[in-house]
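Peer 1: Please find protein00.txt (compact mmCIF, C-alpha atoms and all ligand atoms) on the next line:
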# COMPACT_ATOMS: atom_id res chain seq x y z
CA MET A 125 -16.52 -5.08 -5.23
CA SER A 126 -19.45 -6.81 -3.57
CA THR A 127 -17.98 -7.89 -0.22
CA LEU A 128 -14.85 -6.60 1.47
CA PRO A 129 -12.22 -9.14 2.50
CA GLN A 130 -12.48 -10.19 6.17
CA ALA A 131 -16.11 -8.93 6.23
CA ASP A 132 -17.01 -11.89 8.46
CA ARG A 133 -14.23 -11.25 11.00
CA PRO A 134 -15.01 -9.59 14.35
CA ILE A 135 -13.97 -5.94 14.45
CA ASP A 136 -11.22 -6.67 17.01
CA ASP A 137 -9.46 -9.11 14.68
CA VAL A 138 -9.81 -7.53 11.25
CA GLN A 139 -6.60 -6.19 9.67
CA GLY A 140 -6.21 -2.42 9.89
CA HIS A 141 -6.64 -1.71 6.15
CA TRP A 142 -9.82 -3.77 5.93
CA LEU A 143 -11.08 -2.12 9.13
CA LEU A 144 -10.64 1.29 7.48
CA ALA A 145 -12.16 0.03 4.22
CA ARG A 146 -15.17 -1.26 6.19
CA LEU A 147 -15.61 2.23 7.59
CA GLY A 148 -15.64 3.68 4.07
CA LYS A 149 -11.99 4.68 3.64
CA ARG A 150 -10.76 4.24 0.08
CA VAL A 151 -7.10 5.31 0.25
CA LEU A 152 -5.29 2.60 2.18
CA ARG A 153 -1.61 3.37 1.70
CA PRO A 154 0.70 5.19 4.14
CA GLY A 155 1.62 8.28 2.13
CA GLY A 156 -1.92 9.01 0.93
CA LEU A 157 -3.12 10.00 -2.51
CA GLU A 158 -0.57 12.79 -2.82
CA LEU A 159 2.41 10.41 -2.70
CA THR A 160 0.59 8.01 -5.06
CA THR A 161 0.09 10.86 -7.54
CA GLN A 162 3.77 11.82 -7.32
CA LEU A 163 4.73 8.17 -7.85
CA LEU A 164 2.48 7.78 -10.89
CA ASP A 165 3.88 11.02 -12.32
CA GLU A 166 7.37 9.48 -12.19
CA VAL A 167 6.45 6.60 -14.52
CA HIS A 168 4.99 6.78 -18.01
CA LEU A 169 1.56 5.19 -17.95
CA ALA A 170 0.01 6.44 -21.21
CA GLY A 171 0.34 3.67 -23.78
CA ALA A 172 2.21 1.41 -21.32
CA GLU A 173 1.53 -2.18 -20.34
CA VAL A 174 0.90 -1.83 -16.61
CA VAL A 175 0.75 -4.51 -13.92
CA GLU A 176 -0.50 -3.53 -10.48
CA LEU A 177 0.32 -5.81 -7.58
CA ALA A 178 -2.37 -5.83 -4.86
CA PRO A 179 -4.93 -3.35 -6.24
CA ALA A 180 -7.36 -4.23 -3.37
CA ILE A 181 -10.40 -1.96 -3.77
CA GLY A 182 -8.89 -0.37 -6.88
CA ARG A 183 -8.30 3.26 -5.89
CA THR A 184 -4.95 3.41 -7.73
CA ALA A 185 -6.33 1.25 -10.55
CA THR A 186 -8.79 4.08 -11.30
CA LEU A 187 -5.91 6.58 -11.55
CA ILE A 188 -3.84 4.26 -13.74
CA LEU A 189 -6.75 3.63 -16.11
CA ALA A 190 -7.40 7.38 -16.37
CA ALA A 191 -3.88 7.73 -17.79
CA GLU A 192 -4.89 5.43 -20.68
CA PRO A 193 -2.35 2.62 -20.51
CA ALA A 194 -2.20 0.13 -23.38
CA GLY A 195 -3.10 -2.62 -20.93
CA TYR A 196 -3.81 -3.11 -17.21
CA VAL A 197 -3.50 -6.31 -15.18
CA GLY A 198 -4.11 -6.28 -11.43
CA VAL A 199 -2.82 -9.17 -9.32
CA ASP A 200 -4.27 -9.61 -5.84
CA ALA A 201 -4.31 -12.60 -3.52
CA ASP A 202 -7.85 -11.71 -2.53
CA PRO A 203 -10.53 -12.78 -5.02
CA SER A 204 -12.79 -9.83 -4.17
CA ALA A 205 -10.24 -7.25 -5.36
CA ALA A 206 -10.85 -4.47 -7.88
CA ALA A 207 -12.72 -6.37 -10.64
CA LEU A 208 -15.64 -3.95 -10.55
CA VAL A 209 -13.45 -0.86 -10.86
CA VAL A 210 -11.41 -2.28 -13.74
CA GLY A 211 -14.35 -3.69 -15.70
CA GLU A 212 -13.66 -4.21 -19.38
CA ARG A 213 -10.61 -1.96 -19.36
CA GLY A 214 -8.23 -4.49 -17.86
CA ARG A 215 -8.18 -7.79 -16.07
CA ILE A 216 -7.70 -9.00 -12.52
CA VAL A 217 -5.74 -12.13 -11.73
CA THR A 218 -6.22 -13.79 -8.35
CA ALA A 219 -2.71 -14.91 -7.47
CA ASP A 220 0.19 -14.40 -5.14
CA ALA A 221 2.24 -11.43 -6.27
CA ALA A 222 5.33 -13.64 -5.94
CA ASP A 223 3.95 -15.99 -8.59
CA THR A 224 1.70 -13.98 -10.90
CA GLY A 225 1.70 -16.42 -13.82
CA LEU A 226 2.16 -13.42 -16.15
CA PRO A 227 4.63 -13.74 -19.03
CA GLY A 228 8.19 -12.58 -18.37
CA GLY A 229 9.24 -9.30 -19.97
CA SER A 230 5.64 -8.24 -20.61
CA ALA A 231 5.20 -5.04 -18.55
CA ASP A 232 6.51 -1.51 -18.99
CA VAL A 233 5.50 -0.61 -15.45
CA VAL A 234 4.84 -2.70 -12.33
CA ILE A 235 3.22 -0.84 -9.44
CA GLY A 236 2.61 -2.04 -5.90
CA GLU A 237 1.42 -0.04 -2.88
CA ALA A 238 1.08 -0.99 0.78
CA MET A 239 1.73 -4.64 0.08
CA LEU A 240 5.48 -5.30 0.47
CA THR A 241 5.60 -3.92 4.01
CA MET A 242 3.35 -6.72 5.24
CA GLN A 243 5.61 -9.49 3.85
CA SER A 244 8.45 -11.31 5.60
CA PRO A 245 11.97 -10.54 4.33
CA ARG A 246 11.79 -13.65 2.13
CA GLY A 247 8.31 -12.68 0.89
CA LYS A 248 9.49 -9.17 -0.01
CA LYS A 249 12.38 -10.60 -2.02
CA ALA A 250 10.14 -13.11 -3.85
CA ILE A 251 7.69 -10.37 -4.91
CA ILE A 252 10.45 -8.00 -6.02
CA ASP A 253 12.08 -10.82 -8.04
CA GLU A 254 8.72 -11.52 -9.68
CA ALA A 255 8.28 -7.82 -10.54
CA VAL A 256 11.73 -7.85 -12.15
CA ARG A 257 10.85 -10.99 -14.13
CA VAL A 258 7.57 -9.52 -15.43
CA LEU A 259 9.19 -6.19 -16.42
CA LYS A 260 10.57 -5.54 -19.87
CA PRO A 261 14.22 -4.40 -19.89
CA GLY A 262 14.10 -0.66 -19.31
CA GLY A 263 10.76 -0.97 -17.49
CA HIS A 264 10.00 0.58 -14.11
CA TYR A 265 8.95 -0.86 -10.75
CA ALA A 266 7.14 1.70 -8.60
CA ILE A 267 6.40 1.05 -4.93
CA HIS A 268 4.70 3.00 -2.12
CA GLU A 269 5.24 1.53 1.32
CA LEU A 270 5.77 2.23 4.99
CA GLY A 271 9.20 3.55 5.81
CA LEU A 272 11.31 4.02 8.90
CA GLN A 273 13.56 7.03 9.42
CA PRO A 274 16.31 8.05 9.73
CA ASP A 275 18.47 5.46 7.96
CA ASP A 276 20.50 4.99 11.15
CA LEU A 277 17.42 4.57 13.39
CA ASP A 278 18.24 2.76 16.64
CA PRO A 279 17.34 -0.91 15.91
CA ALA A 280 15.63 -1.18 19.31
CA ILE A 281 13.23 1.65 18.41
CA ALA A 282 12.65 0.14 14.95
CA ASP A 283 11.77 -3.15 16.59
CA GLU A 284 9.53 -1.50 19.17
CA SER A 285 7.62 0.42 16.47
CA ARG A 286 7.14 -2.77 14.40
CA LYS A 287 5.74 -4.60 17.41
CA ALA A 288 3.40 -1.72 18.29
CA LEU A 289 2.17 -1.63 14.69
CA ALA A 290 1.59 -5.37 14.59
CA ARG A 291 -0.47 -5.13 17.78
CA SER A 292 -2.67 -2.28 16.61
CA ILE A 293 -3.15 -3.01 12.90
CA LYS A 294 -3.14 -6.83 13.29
CA VAL A 295 -0.73 -7.11 10.39
CA ASN A 296 2.85 -8.20 10.79
CA ALA A 297 4.10 -4.98 9.24
CA ARG A 298 7.84 -4.73 8.66
CA PRO A 299 8.60 -1.22 7.44
CA LEU A 300 12.16 -0.50 6.28
CA THR A 301 14.37 2.57 6.08
CA ALA A 302 14.96 4.25 2.71
CA ALA A 303 18.43 2.69 2.65
CA GLU A 304 16.95 -0.77 3.30
CA TRP A 305 14.21 -0.41 0.62
CA THR A 306 16.87 0.83 -1.82
CA ALA A 307 19.15 -2.11 -0.98
CA LEU A 308 16.35 -4.63 -1.55
CA LEU A 309 15.57 -3.22 -5.00
CA THR A 310 19.25 -2.90 -5.91
CA GLU A 311 20.01 -6.48 -4.83
CA ALA A 312 17.26 -7.63 -7.23
CA GLY A 313 19.13 -5.96 -10.10
CA LEU A 314 17.14 -2.70 -10.27
CA GLU A 315 18.47 0.86 -10.36
CA VAL A 316 16.65 3.22 -8.00
CA GLU A 317 15.88 6.47 -9.83
CA TRP A 318 13.53 8.31 -7.48
CA VAL A 319 12.58 8.35 -3.80
CA GLY A 320 9.63 10.33 -2.40
CA ARG A 321 8.27 10.69 1.10
CA ALA A 322 5.06 11.84 2.80
CA ALA A 323 4.05 11.82 6.45
CA THR A 324 1.94 8.88 7.58
CA ALA A 325 -1.05 11.10 8.26
CA LEU A 326 -3.45 8.26 7.44
CA LEU A 327 -5.86 9.15 10.22
CA GLN A 328 -5.49 12.91 10.33
CA MET A 329 -8.30 15.19 9.22
CA ARG A 330 -6.37 17.21 6.62
CA ARG A 331 -5.07 14.07 4.88
CA ASN A 332 -8.50 12.48 4.97
CA LEU A 333 -10.15 15.52 3.42
CA ALA A 334 -7.51 15.40 0.66
CA ASP A 335 -7.82 11.63 0.17
CA GLU A 336 -11.50 10.95 0.73
CA GLY A 337 -13.23 14.32 0.11
CA VAL A 338 -15.87 15.86 2.37
CA HIS A 339 -18.46 13.18 1.61
CA GLY A 340 -15.95 10.43 2.30
CA VAL A 341 -14.95 11.96 5.64
CA LEU A 342 -18.62 12.32 6.65
CA ARG A 343 -19.26 8.69 5.67
CA ILE A 344 -16.30 7.50 7.76
CA ALA A 345 -17.29 9.74 10.72
CA TRP A 346 -20.87 8.45 10.64
CA ASN A 347 -19.67 4.84 10.58
CA LEU A 348 -17.35 5.57 13.52
CA VAL A 349 -20.19 7.12 15.53
CA ARG A 350 -22.37 4.06 14.90
CA ASN A 351 -19.67 1.53 15.72
CA PRO A 352 -17.91 1.94 19.09
CA GLY A 353 -15.76 -1.18 18.57
CA ALA A 354 -14.38 0.15 15.31
CA ARG A 355 -13.90 3.59 16.90
CA ARG A 356 -11.84 2.06 19.71
CA ARG A 357 -9.63 0.23 17.22
CA VAL A 358 -9.16 3.25 14.97
CA LEU A 359 -8.15 5.36 17.97
CA SER A 360 -5.62 2.69 18.96
CA VAL A 361 -4.14 2.63 15.44
CA ARG A 362 -4.03 6.42 15.47
CA ARG A 363 -2.23 6.44 18.84
CA THR A 364 0.42 4.10 17.43
CA PHE A 365 0.98 6.25 14.33
CA THR A 366 1.11 9.39 16.50
CA ARG A 367 3.55 7.84 18.96
CA TYR A 368 5.95 6.84 16.19
CA ALA A 369 5.23 9.83 13.92
CA ASP A 370 8.91 10.79 13.85
CA GLN A 371 10.04 7.29 12.90
CA LEU A 372 7.30 6.22 10.45
CA THR A 373 6.98 7.70 6.98
CA GLY A 374 5.20 6.99 3.75
CA ILE A 375 7.91 6.20 1.22
CA ALA A 376 7.77 5.69 -2.53
CA LEU A 377 10.53 4.52 -4.86
CA VAL A 378 10.83 4.07 -8.61
CA ALA A 379 13.46 1.64 -9.85
CA ARG A 380 14.41 0.74 -13.41
CA LYS A 381 15.26 -2.66 -14.81
CA PRO A 382 18.45 -2.12 -16.80
CA ALA A 383 18.02 -2.44 -20.56
C1 LIG B 401 -3.12 -2.59 2.58
S1 LIG B 401 -3.92 -3.28 1.18
C2 LIG B 401 -3.29 -2.14 0.00
C3 LIG B 401 -4.09 -2.09 -1.18
C4 LIG B 401 -3.83 -1.05 -2.25
N1 LIG B 401 -2.60 -1.30 -2.96
C5 LIG B 401 -3.84 0.36 -1.68
O1 LIG B 401 -2.77 0.94 -1.54
O2 LIG B 401 -4.92 0.87 -1.42
C6 LIG B 401 -3.00 -4.75 0.89
C7 LIG B 401 -3.44 -5.60 -0.31
O3 LIG B 401 -2.38 -6.48 -0.62
C8 LIG B 401 -2.91 -7.74 -1.00
N2 LIG B 401 -1.82 -8.70 -0.82
C9 LIG B 401 -1.08 -8.89 0.31
N3 LIG B 401 -0.15 -9.82 0.11
C10 LIG B 401 -0.26 -10.21 -1.18
C11 LIG B 401 0.44 -11.14 -2.00
N4 LIG B 401 1.46 -11.84 -1.52
N5 LIG B 401 0.03 -11.29 -3.27
C12 LIG B 401 -0.98 -10.57 -3.79
N6 LIG B 401 -1.68 -9.66 -3.06
C13 LIG B 401 -1.33 -9.50 -1.79
C14 LIG B 401 -4.10 -7.90 -0.09
O4 LIG B 401 -5.02 -8.85 -0.61
C15 LIG B 401 -4.65 -6.49 -0.10
O5 LIG B 401 -5.55 -6.32 -1.17
Is it possible to give me this structure as structure tokens?
Peer 2:
Amino acid sequence: MSTLPQADRPIDDVQGHWLLARLGKRVLRPGGLELTTQLLDEVHLAGAEVVELAPAIGRTATLILAAEPAGYVGVDADPSAAALVVGERGRIVTADAADTGLPGGSADVVIGEAMLTMQSPRGKKAIIDEAVRVLKPGGHYAIHELGLQPDDLDPAIADESRKALARSIKVNARPLTAAEWTALLTEAGLEVEWVGRAATALLQMRRNLADEGVHGVLRIAWNLVRNPGARRRVLSVRRTFTRYADQLTGIALVARKPA
């Protein structure tokens, strides 16, 4: 990818994931690479027709392609997404995930990470419906998003955490509880088969070493040292995640379209 999305925006306005990407972070989803790996292990990628919604810089696309699917299509609203990573081995469509233009019943697996959380309730439903349309009967929809816990979380605290997130990451994030994510998928006609969780340790050292490697962590640290504005914002995002550490969780679900 030549230029990151929002590269021309001032550091104070850029959305949290693009801020982190600008600093050199490659894993941009709440449960980290470990939860992604667990999620991918739950679906059969080898020989499958795979559609990824919102590949962004293509970190998961690389993992999917390594599993040798029969085909890979990435769909991202941003034209600078993943093309370089995918190369000849798949194709990238620039489109809204709610209206991919892909043929119905064409995918064995649809995967989407860190992209439903940022949609309105109506937007979430439209994307899930589109995933169901694109899936073959018996196919699987795999998601990795931001969760709230426990299922009976006080609505006032849920609301407060959403507002704090929106302020610090500059994205109108609307995380849901496991019960709410499950209900959304079930209402779209899917059967939830698996739920996984991982702490939202996005900005903690151990997670970053696991996700980005030593070189990646040094690259991010160097960029933070050089850029006080970015450092201030990252610390603010980190404070929000720390404050709501008990309520926020990385959550992944696999749901099957009935045959
Ligand atoms: C937080 S990034 C996550 C990227 C990647 N899946 C990951 O986990 O590293 C969000 C991505 O979702 C894409 N996106 C958001 N809403 C979208 C929509 N309605 N249709 C297609 N892509 C969308 C953005 O362009 C961006 O690339």
Peer 1: Could you list, as a PyMOL selection string, all protein and nucleic acid residues with an atom at most 7 Å from ligand LIG 401 (chain B), counting all atoms listed in the file?
Peer 2: chain A and resi 141+150-153+177-184+199-202+205+219-222+236-239+242-243
Peer 1: May I have the residues from that selection written out with C-alpha atoms, as a PDB file, keeping the file's coordinate frame?
Peer 2:
ATOM      1  CA  HIS A 141      -6.640  -1.710   6.150  1.00  0.00           C
ATOM      2  CA  ARG A 150     -10.760   4.240   0.080  1.00  0.00           C
ATOM      3  CA  VAL A 151      -7.100   5.310   0.250  1.00  0.00           C
ATOM      4  CA  LEU A 152      -5.290   2.600   2.180  1.00  0.00           C
ATOM      5  CA  ARG A 153      -1.610   3.370   1.700  1.00  0.00           C
ATOM      6  CA  LEU A 177       0.320  -5.810  -7.580  1.00  0.00           C
ATOM      7  CA  ALA A 178      -2.370  -5.830  -4.860  1.00  0.00           C
ATOM      8  CA  PRO A 179      -4.930  -3.350  -6.240  1.00  0.00           C
ATOM      9  CA  ALA A 180      -7.360  -4.230  -3.370  1.00  0.00           C
ATOM     10  CA  ILE A 181     -10.400  -1.960  -3.770  1.00  0.00           C
ATOM     11  CA  GLY A 182      -8.890  -0.370  -6.880  1.00  0.00           C
ATOM     12  CA  ARG A 183      -8.300   3.260  -5.890  1.00  0.00           C
ATOM     13  CA  THR A 184      -4.950   3.410  -7.730  1.00  0.00           C
ATOM     14  CA  VAL A 199      -2.820  -9.170  -9.320  1.00  0.00           C
ATOM     15  CA  ASP A 200      -4.270  -9.610  -5.840  1.00  0.00           C
ATOM     16  CA  ALA A 201      -4.310 -12.600  -3.520  1.00  0.00           C
ATOM     17  CA  ASP A 202      -7.850 -11.710  -2.530  1.00  0.00           C
ATOM     18  CA  ALA A 205     -10.240  -7.250  -5.360  1.00  0.00           C
ATOM     19  CA  ALA A 219      -2.710 -14.910  -7.470  1.00  0.00           C
ATOM     20  CA  ASP A 220       0.190 -14.400  -5.140  1.00  0.00           C
ATOM     21  CA  ALA A 221       2.240 -11.430  -6.270  1.00  0.00           C
ATOM     22  CA  ALA A 222       5.330 -13.640  -5.940  1.00  0.00           C
ATOM     23  CA  GLY A 236       2.610  -2.040  -5.900  1.00  0.00           C
ATOM     24  CA  GLU A 237       1.420  -0.040  -2.880  1.00  0.00           C
ATOM     25  CA  ALA A 238       1.080  -0.990   0.780  1.00  0.00           C
ATOM     26  CA  MET A 239       1.730  -4.640   0.080  1.00  0.00           C
ATOM     27  CA  MET A 242       3.350  -6.720   5.240  1.00  0.00           C
ATOM     28  CA  GLN A 243       5.610  -9.490   3.850  1.00  0.00           C
TER      29      GLN A 243
END
Peer 1: Within 12 Å of segment 352-356 of chain A, which residues of segment 237-335 of chain A show up? Give each one with its shortest atom-to-atom distance in Å (one decimal) and the two atoms involved, counting only C-alpha atoms, rows by chain then rising residue number, as a tab-separated table.
Peer 2:
residue	atom	partner	partner_atom	distance
A:Ser292	CA	A:Arg356	CA	10.6
A:Ile293	CA	A:Ala354	CA	11.9
A:Leu327	CA	A:Arg355	CA	11.8
Peer 1: With distances taken over all atoms listed in the file, which of A:Ser204, A:Thr161, A:Asn332, A:Gln130 is nearest to Val217 of chain A?
Peer 2: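 Ranked by minimum distance to Val217 of chain A, first place goes to A:Ser204.
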Peer 1: Compare A:Leu187, A:Leu272, A:Ala170, A:Ala194 by their minimum atom-to-atom distance to Arg298 of chain A, counting only C-alpha atoms, and give me the closest one.
Peer 2: A:Leu272
Peer 1: Which of these, A:Glu336, A:Glu304, A:Asp253, A:Glu317, has the shortest distance to Leu147 of chain A once you count all atoms listed in the file?
Peer 2: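 Comparing A:Glu336, A:Glu304, A:Asp253, A:Glu317 against Leu147 of chain A, the winner is A:Glu336.
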Peer 1: So which one's closest to Leu157 of chain A, A:Thr364, A:Thr324, A:Gln139, A:Asn347? Using all atoms listed in the file, please.
Peer 2: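 Counting all atoms listed in the file, the residue closest to Leu157 of chain A is A:Thr324.
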Peer 1: Quick one: pull the distance between atom CA of Leu289 of chain A and atom CA of Thr366 of chain A, Å, one decimal.
Peer 2: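 For atom CA of Leu289 of chain A relative to atom CA of Thr366 of chain A, the distance reads 11.2 Å.
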Peer 1: Which residue is closest to Gln328 of chain A? Choose from A:Phe365, A:Gly340, A:Asp223, A:Ala288 and count all atoms listed in the file.
Peer 2: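 Checking each candidate against Gln328 of chain A, we get A:Phe365 as the closest.
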Peer 1: Rebuild all heavy atoms on segment 315-326 of chain A, as a CSV table (one decimal), keeping the file's coordinate frame?
Peer 2:
chain,number,residue,atom,x,y,z
A,315,GLU,N,17.8,-0.4,-10.7
A,315,GLU,CA,18.5,0.9,-10.4
A,315,GLU,C,17.4,1.9,-9.8
A,315,GLU,O,16.5,2.2,-10.6
A,315,GLU,CB,19.1,1.4,-11.6
A,315,GLU,CG,20.2,0.5,-12.2
A,315,GLU,CD,20.6,0.8,-13.6
A,315,GLU,OE1,19.9,1.7,-14.2
A,315,GLU,OE2,21.5,0.1,-14.1
A,316,VAL,N,17.6,2.3,-8.6
A,316,VAL,CA,16.6,3.2,-8.0
A,316,VAL,C,16.9,4.6,-8.6
A,316,VAL,O,18.0,5.1,-8.6
A,316,VAL,CB,16.8,3.3,-6.5
A,316,VAL,CG1,15.9,4.4,-5.9
A,316,VAL,CG2,16.4,1.9,-5.9
A,317,GLU,N,15.8,5.2,-9.1
A,317,GLU,CA,15.9,6.5,-9.8
A,317,GLU,C,15.2,7.6,-9.0
A,317,GLU,O,15.5,8.8,-9.3
A,317,GLU,CB,15.2,6.4,-11.2
A,317,GLU,CG,15.9,5.5,-12.2
A,317,GLU,CD,15.3,5.5,-13.6
A,317,GLU,OE1,14.1,5.9,-13.7
A,317,GLU,OE2,16.0,5.2,-14.5
A,318,TRP,N,14.3,7.2,-8.2
A,318,TRP,CA,13.5,8.3,-7.5
A,318,TRP,C,13.0,7.8,-6.1
A,318,TRP,O,12.6,6.6,-6.0
A,318,TRP,CB,12.3,8.7,-8.3
A,318,TRP,CG,11.5,9.8,-7.8
A,318,TRP,CD1,11.7,11.1,-7.8
A,318,TRP,CD2,10.2,9.6,-7.0
A,318,TRP,NE1,10.6,11.8,-7.1
A,318,TRP,CE2,9.7,10.8,-6.7
A,318,TRP,CE3,9.5,8.4,-6.6
A,318,TRP,CZ2,8.6,11.0,-5.9
A,318,TRP,CZ3,8.3,8.6,-5.9
A,318,TRP,CH2,7.9,9.9,-5.6
A,319,VAL,N,13.1,8.7,-5.1
A,319,VAL,CA,12.6,8.4,-3.8
A,319,VAL,C,11.7,9.5,-3.4
A,319,VAL,O,12.2,10.7,-3.4
A,319,VAL,CB,13.7,8.1,-2.8
A,319,VAL,CG1,13.1,7.8,-1.4
A,319,VAL,CG2,14.7,7.0,-3.2
A,320,GLY,N,10.5,9.3,-2.9
A,320,GLY,CA,9.6,10.3,-2.4
A,320,GLY,C,9.1,10.0,-1.0
A,320,GLY,O,9.1,8.8,-0.7
A,321,ARG,N,8.8,11.0,-0.3
A,321,ARG,CA,8.3,10.7,1.1
A,321,ARG,C,7.0,11.5,1.4
A,321,ARG,O,6.9,12.6,0.9
A,321,ARG,CB,9.3,11.0,2.1
A,321,ARG,CG,10.5,10.1,2.2
A,321,ARG,CD,11.4,10.5,3.4
A,321,ARG,NE,12.5,9.6,3.5
A,321,ARG,CZ,13.6,9.6,2.7
A,321,ARG,NH1,13.6,10.6,1.7
A,321,ARG,NH2,14.6,8.8,2.8
A,322,ALA,N,6.2,11.0,2.3
A,322,ALA,CA,5.1,11.8,2.8
A,322,ALA,C,4.7,11.3,4.2
A,322,ALA,O,4.9,10.1,4.5
A,322,ALA,CB,3.8,11.7,1.9
A,323,ALA,N,4.3,12.2,5.1
A,323,ALA,CA,4.0,11.8,6.4
A,323,ALA,C,2.9,10.8,6.5
A,323,ALA,O,2.1,10.7,5.6
A,323,ALA,CB,3.6,13.0,7.2
A,324,THR,N,3.0,9.9,7.4
A,324,THR,CA,1.9,8.9,7.6
A,324,THR,C,0.8,9.5,8.3
A,324,THR,O,0.5,9.1,9.5
A,324,THR,CB,2.4,7.6,8.4
A,324,THR,OG1,3.1,8.1,9.5
A,324,THR,CG2,3.4,6.8,7.6
A,325,ALA,N,0.1,10.4,7.6
A,325,ALA,CA,-1.0,11.1,8.3
A,325,ALA,C,-2.4,10.4,8.0
A,325,ALA,O,-3.4,11.1,7.8
A,325,ALA,CB,-1.1,12.5,7.8
A,326,LEU,N,-2.3,9.1,7.9
A,326,LEU,CA,-3.4,8.3,7.4
A,326,LEU,C,-4.8,8.6,8.2
A,326,LEU,O,-5.8,8.6,7.6
A,326,LEU,CB,-3.1,6.8,7.7
A,326,LEU,CG,-3.8,5.7,7.1
A,326,LEU,CD1,-3.5,5.7,5.6
A,326,LEU,CD2,-3.4,4.3,7.7
